[in-house]
2 protein chains.
Amino acid sequence: MPDIKVILAQDLRQANREYATENREKFSCLGITVVNLISSPGAGKTSLLEATLAHLSGSMAIGVIEGDIATTRDAARIARYNVPVVQINTQGACHLDARLISQAMVELPLEKLDLLFIENVGNLVCPAEFDLGEDIKVCILSVAEGSDKPLKYPLVFREAQVLLLNKIDLLPYTDFDMEAFRQDISNLNPELTIFPVSARTGEGLGEWCTWLKQQVSSKKRSVAPFAATV
Amino acid sequence: MPDIKVILAQDLRQANREYATENREKFSCLGITVVNLISSPGAGKTSLLEATLAHLSGSMAIGVIEGDIATTRDAARIARYNVPVVQINTQGACHLDARLISQAMVELPLEKLDLLFIENVGNLVCPAEFDLGEDIKVCILSVAEGSDKPLKYPLVFREAQVLLLNKIDLLPYTDFDMEAFRQDISNLNPELTIFPVSARTGEGLGEWCTWLKQQVSSKKRSVAPFAATV
């Protein structure tokens, strides 16, 4: 019999919490705002991230951690925006975890960053269960996915602080029921901030980026006494 | 300390394989063709299933197992087609497993069925890893998700026998690169049968349903000697 190392599911969750706490403390000390982008495959995480980077260019220092099961395609897309980017390939795993983030952090010039985006693996279910040490979970939903998704995949809509409702340029060609959607969101998570956007046309990106800038300023202010001594 | 029961990940996989084998043997004895529908949230599994049920109505006896994290919305939609349907709520789990299917099988009039659809939880990643005892894995991808998905989520495209490329009515409004898509599929899984379809307009459903009927006939023939003695 080979000597098989068995990792208990219970232990994995506990280990993740410990890594997430460490990551969060490090980010807080450095005054970096960290955003965890979660969505189904194809909802537009990378396109929205590209549009956001273009919009924020020059106003702050941004880094990116790209999570994918395979390929470095997304990291290659992001690198064109002249931001430091690290690719994590999960090799089959359906979500990022805090330990992977702590490994990626070593590869980034953290002390120079104001804002760090983590693009999770495309999956509306599992990533919502794993704290990475981020400040803000952003759920991205494409209108092409349908307005019934909050009720069917409630966890991520409950856990998120922001919802980017993407591809609103496709609204006229879909059966998306905006009224029912907003009602379901309001029942699940009344605090959720919704930005209707289109990475393709640029609609709504201004509002989203203004909101992001406010978060970054606010986090910086919270560590100002420490930052002043550096 | 509470008495916590810990289930090892390793054991779960082995248990799933055993349940899947039992399910497959039972389906084979009864000559039922079993189709496992896998996609991201919002790719159109339920809509395509509804359109397929309408198309096949009267030609054979069909049953449905609906998998969702929460709600019985999809089962309610399917029940309108006068087919026996069982809803599985995974209560957070991101995929169906073979044990859940074996529990659902007890609630269905299996001996009367020719075809059983299993609609998996909306997730392009994890469901591909769990054999349910099905004959055919069908991957559904919406063109709104983008043409790069086979390279980014390769497992399901490798495991599937059929790909339903849905929402082709949205093609003119997206950047979907059909040539690159077909090339990537051909590299990953040259045996994959692709049906471009639209649950909304009905385009392509005839070809898909004709193919399904052939599978059902062929499975029935394979158990004909046994069936004759029933």
# chains A, B, ... in the order shown; residues from 1 in each chain; ligands from 1
$ residues_around --residues "Lys137 (chain B)" --least-positions-apart "6" --cutoff "12 Å" --atoms "only C-alpha atoms" --output "ChimeraX atom specification"
/B:33-39,117-120,127-131,155-164,192-193
$ interface_residues --of "chain B" --to "chain A" --cutoff "9 Å" --atoms "only C-alpha atoms" --output "count of residues only"
40
$ atom_distance --atom1 "CA of Glu50 (chain B)" --atom2 "CA of Ile65 (chain B)"
13.0 Å
$ residues_around --residues "Ala199 (chain A)" --least-positions-apart "3" --cutoff "7 Å" --atoms "only C-alpha atoms" --output "number ranges by chain"
A: 47-48, 51, 166-167, 202
$ select_by_dssp --residues "region 57-183 of chain A" --states "alpha helix (DSSP H)" --output "ChimeraX atom specification"
/A:73-79,98-105,149-152,154-159,178-183
$ write_last_selection --atoms "C-alpha atoms" --output "compact mmCIF listing (two decimals), in the first residue's frame"
# COMPACT_ATOMS: atom_id res chain seq x y z
CA ARG A 73 -4.56 33.98 -21.09
CA ASP A 74 -6.13 36.35 -18.60
CA ALA A 75 -2.80 37.36 -17.08
CA ALA A 76 -1.52 38.10 -20.58
CA ARG A 77 -4.56 40.32 -21.22
CA ILE A 78 -4.03 42.18 -17.94
CA ALA A 79 -0.25 42.62 -18.37
CA ALA A 98 -6.11 32.08 0.98
CA ARG A 99 -2.91 30.01 0.93
CA LEU A 100 -2.61 30.45 -2.85
CA ILE A 101 -3.12 34.19 -2.38
CA SER A 102 -0.38 34.33 0.26
CA GLN A 103 1.97 32.63 -2.23
CA ALA A 104 1.03 35.09 -4.97
CA MET A 105 1.48 38.08 -2.62
CA LYS A 149 -29.74 33.71 -10.43
CA PRO A 150 -29.79 35.39 -6.98
CA LEU A 151 -32.42 32.95 -5.70
CA LYS A 152 -30.68 29.97 -7.25
CA PRO A 154 -27.86 32.83 -2.96
CA LEU A 155 -24.52 32.58 -1.11
CA VAL A 156 -22.44 34.80 -3.37
CA PHE A 157 -25.18 37.44 -3.52
CA ARG A 158 -25.36 37.42 0.29
CA GLU A 159 -21.59 37.59 0.76
CA MET A 178 -35.07 43.82 -13.79
CA GLU A 179 -37.91 44.41 -11.36
CA ALA A 180 -37.98 40.82 -10.08
CA PHE A 181 -34.19 40.82 -9.95
CA ARG A 182 -34.00 43.93 -7.78
CA GLN A 183 -36.73 42.57 -5.52
$ closest_residue --among "A:Lys45, A:Ile168, A:Glu134, A:Thr90" --to "Arg24 (chain A)" --atoms "only C-alpha atoms"
A:Glu134
$ atom_distance --atom1 "CA of Trp211 (chain A)" --atom2 "CA of Leu115 (chain A)"
12.9 Å
$ atom_distance --atom1 "CA of Gly204 (chain A)" --atom2 "CA of Thr52 (chain A)"
10.8 Å
$ select_by_dssp --residues "region 54-164 of chain A" --states "strand (DSSP E)" --output "list in words"
Ile62, Gly63, Val64, Ile65, Glu66, Gly67, Asp68, Val85, Val86, Gln87, Ile88, Asn89, Leu115, Leu116, Phe117, Ile118, Glu119, Ile136, Lys137, Val138, Cys139, Ile140, Leu141, Ser142, Val162, Leu163 and Leu164 of chain A
$ closest_residue --among "A:Arg221, A:Arg80, A:His55, A:Lys112" --to "Cys209 (chain A)" --atoms "only C-alpha atoms"
A:His55
$ closest_residue --among "A:Ala54, A:Val223, A:Leu96, A:Val64" --to "Gly206 (chain A)" --atoms "only C-alpha atoms"
A:Ala54
$ decode --residues "region 77-179 of chain A" --atoms "C-alpha atoms" --output "PDB file, in the first residue's frame"
ATOM      1  CA  ARG A  77      -4.556  40.319 -21.219  1.00  0.00           C
ATOM      2  CA  ILE A  78      -4.026  42.175 -17.936  1.00  0.00           C
ATOM      3  CA  ALA A  79      -0.252  42.619 -18.373  1.00  0.00           C
ATOM      4  CA  ARG A  80      -0.952  44.851 -21.373  1.00  0.00           C
ATOM      5  CA  TYR A  81      -2.195  47.480 -18.917  1.00  0.00           C
ATOM      6  CA  ASN A  82       1.280  47.782 -17.390  1.00  0.00           C
ATOM      7  CA  VAL A  83       0.245  46.562 -13.972  1.00  0.00           C
ATOM      8  CA  PRO A  84       2.062  43.871 -11.978  1.00  0.00           C
ATOM      9  CA  VAL A  85       0.135  40.604 -12.408  1.00  0.00           C
ATOM     10  CA  VAL A  86       0.574  37.108 -10.982  1.00  0.00           C
ATOM     11  CA  GLN A  87      -1.214  34.105 -12.451  1.00  0.00           C
ATOM     12  CA  ILE A  88      -2.391  31.284 -10.215  1.00  0.00           C
ATOM     13  CA  ASN A  89      -3.281  28.068 -12.015  1.00  0.00           C
ATOM     14  CA  THR A  90      -5.371  25.935  -9.696  1.00  0.00           C
ATOM     15  CA  GLN A  91      -4.824  22.816 -11.842  1.00  0.00           C
ATOM     16  CA  GLY A  92      -8.398  21.657 -11.565  1.00  0.00           C
ATOM     17  CA  ALA A  93      -9.525  23.242  -8.283  1.00  0.00           C
ATOM     18  CA  CYS A  94     -12.682  25.290  -8.683  1.00  0.00           C
ATOM     19  CA  HIS A  95     -11.780  28.243  -6.450  1.00  0.00           C
ATOM     20  CA  LEU A  96      -8.872  30.242  -5.081  1.00  0.00           C
ATOM     21  CA  ASP A  97      -7.941  29.814  -1.430  1.00  0.00           C
ATOM     22  CA  ALA A  98      -6.109  32.078   0.985  1.00  0.00           C
ATOM     23  CA  ARG A  99      -2.913  30.010   0.928  1.00  0.00           C
ATOM     24  CA  LEU A 100      -2.607  30.454  -2.849  1.00  0.00           C
ATOM     25  CA  ILE A 101      -3.123  34.190  -2.382  1.00  0.00           C
ATOM     26  CA  SER A 102      -0.377  34.333   0.262  1.00  0.00           C
ATOM     27  CA  GLN A 103       1.971  32.626  -2.231  1.00  0.00           C
ATOM     28  CA  ALA A 104       1.034  35.090  -4.967  1.00  0.00           C
ATOM     29  CA  MET A 105       1.483  38.081  -2.617  1.00  0.00           C
ATOM     30  CA  VAL A 106       5.203  37.334  -2.383  1.00  0.00           C
ATOM     31  CA  GLU A 107       5.505  37.892  -6.129  1.00  0.00           C
ATOM     32  CA  LEU A 108       3.897  41.365  -6.054  1.00  0.00           C
ATOM     33  CA  PRO A 109       5.409  44.773  -5.076  1.00  0.00           C
ATOM     34  CA  LEU A 110       2.795  45.100  -2.311  1.00  0.00           C
ATOM     35  CA  GLU A 111       4.408  48.090  -0.597  1.00  0.00           C
ATOM     36  CA  LYS A 112       3.806  50.134  -3.763  1.00  0.00           C
ATOM     37  CA  LEU A 113       0.143  49.183  -4.310  1.00  0.00           C
ATOM     38  CA  ASP A 114      -3.060  51.055  -3.468  1.00  0.00           C
ATOM     39  CA  LEU A 115      -5.480  48.515  -4.917  1.00  0.00           C
ATOM     40  CA  LEU A 116      -5.244  44.785  -5.579  1.00  0.00           C
ATOM     41  CA  PHE A 117      -7.730  42.893  -7.719  1.00  0.00           C
ATOM     42  CA  ILE A 118      -8.062  39.147  -7.321  1.00  0.00           C
ATOM     43  CA  GLU A 119      -9.886  37.545 -10.229  1.00  0.00           C
ATOM     44  CA  ASN A 120     -11.260  34.271  -8.920  1.00  0.00           C
ATOM     45  CA  VAL A 121     -11.853  31.071 -10.920  1.00  0.00           C
ATOM     46  CA  GLY A 122     -15.058  31.305 -12.965  1.00  0.00           C
ATOM     47  CA  ASN A 123     -17.597  29.688 -10.657  1.00  0.00           C
ATOM     48  CA  LEU A 124     -20.611  31.264  -8.974  1.00  0.00           C
ATOM     49  CA  VAL A 125     -20.702  28.680  -6.180  1.00  0.00           C
ATOM     50  CA  CYS A 126     -17.480  27.617  -4.454  1.00  0.00           C
ATOM     51  CA  PRO A 127     -15.373  30.828  -4.479  1.00  0.00           C
ATOM     52  CA  ALA A 128     -18.011  32.498  -2.278  1.00  0.00           C
ATOM     53  CA  GLU A 129     -17.152  30.031   0.499  1.00  0.00           C
ATOM     54  CA  PHE A 130     -13.451  30.892   0.703  1.00  0.00           C
ATOM     55  CA  ASP A 131     -12.287  34.065   2.421  1.00  0.00           C
ATOM     56  CA  LEU A 132      -9.055  35.254   0.788  1.00  0.00           C
ATOM     57  CA  GLY A 133      -8.418  38.156   3.154  1.00  0.00           C
ATOM     58  CA  GLU A 134     -10.081  40.668   0.807  1.00  0.00           C
ATOM     59  CA  ASP A 135     -11.945  43.854   1.781  1.00  0.00           C
ATOM     60  CA  ILE A 136     -14.656  43.622  -0.829  1.00  0.00           C
ATOM     61  CA  LYS A 137     -16.280  40.703  -2.600  1.00  0.00           C
ATOM     62  CA  VAL A 138     -17.648  41.814  -5.974  1.00  0.00           C
ATOM     63  CA  CYS A 139     -20.102  39.520  -7.700  1.00  0.00           C
ATOM     64  CA  ILE A 140     -20.401  39.920 -11.462  1.00  0.00           C
ATOM     65  CA  LEU A 141     -23.536  38.704 -13.224  1.00  0.00           C
ATOM     66  CA  SER A 142     -24.196  39.028 -16.938  1.00  0.00           C
ATOM     67  CA  VAL A 143     -27.790  39.833 -17.920  1.00  0.00           C
ATOM     68  CA  ALA A 144     -27.477  36.938 -20.397  1.00  0.00           C
ATOM     69  CA  GLU A 145     -27.380  34.578 -17.386  1.00  0.00           C
ATOM     70  CA  GLY A 146     -30.928  35.497 -16.399  1.00  0.00           C
ATOM     71  CA  SER A 147     -32.600  37.395 -13.584  1.00  0.00           C
ATOM     72  CA  ASP A 148     -33.350  34.279 -11.479  1.00  0.00           C
ATOM     73  CA  LYS A 149     -29.738  33.709 -10.429  1.00  0.00           C
ATOM     74  CA  PRO A 150     -29.791  35.391  -6.977  1.00  0.00           C
ATOM     75  CA  LEU A 151     -32.419  32.947  -5.702  1.00  0.00           C
ATOM     76  CA  LYS A 152     -30.683  29.969  -7.250  1.00  0.00           C
ATOM     77  CA  TYR A 153     -27.144  30.799  -6.081  1.00  0.00           C
ATOM     78  CA  PRO A 154     -27.858  32.835  -2.955  1.00  0.00           C
ATOM     79  CA  LEU A 155     -24.525  32.584  -1.112  1.00  0.00           C
ATOM     80  CA  VAL A 156     -22.437  34.804  -3.366  1.00  0.00           C
ATOM     81  CA  PHE A 157     -25.184  37.438  -3.522  1.00  0.00           C
ATOM     82  CA  ARG A 158     -25.364  37.423   0.292  1.00  0.00           C
ATOM     83  CA  GLU A 159     -21.591  37.585   0.761  1.00  0.00           C
ATOM     84  CA  ALA A 160     -20.886  40.305  -1.820  1.00  0.00           C
ATOM     85  CA  GLN A 161     -20.781  44.033  -1.077  1.00  0.00           C
ATOM     86  CA  VAL A 162     -21.037  44.982  -4.750  1.00  0.00           C
ATOM     87  CA  LEU A 163     -22.838  43.506  -7.733  1.00  0.00           C
ATOM     88  CA  LEU A 164     -21.696  44.483 -11.199  1.00  0.00           C
ATOM     89  CA  LEU A 165     -24.623  43.689 -13.489  1.00  0.00           C
ATOM     90  CA  ASN A 166     -22.708  43.332 -16.729  1.00  0.00           C
ATOM     91  CA  LYS A 167     -23.555  43.232 -20.443  1.00  0.00           C
ATOM     92  CA  ILE A 168     -26.503  45.579 -20.025  1.00  0.00           C
ATOM     93  CA  ASP A 169     -26.068  46.320 -23.750  1.00  0.00           C
ATOM     94  CA  LEU A 170     -27.648  42.855 -24.247  1.00  0.00           C
ATOM     95  CA  LEU A 171     -30.766  43.716 -22.179  1.00  0.00           C
ATOM     96  CA  PRO A 172     -33.020  44.316 -25.226  1.00  0.00           C
ATOM     97  CA  TYR A 173     -32.198  40.826 -26.550  1.00  0.00           C
ATOM     98  CA  THR A 174     -32.838  38.893 -23.324  1.00  0.00           C
ATOM     99  CA  ASP A 175     -35.786  38.143 -21.020  1.00  0.00           C
ATOM    100  CA  PHE A 176     -34.006  39.639 -17.991  1.00  0.00           C
ATOM    101  CA  ASP A 177     -36.675  40.822 -15.515  1.00  0.00           C
ATOM    102  CA  MET A 178     -35.068  43.816 -13.787  1.00  0.00           C
ATOM    103  CA  GLU A 179     -37.907  44.407 -11.364  1.00  0.00           C
TER     104      GLU A 179
END
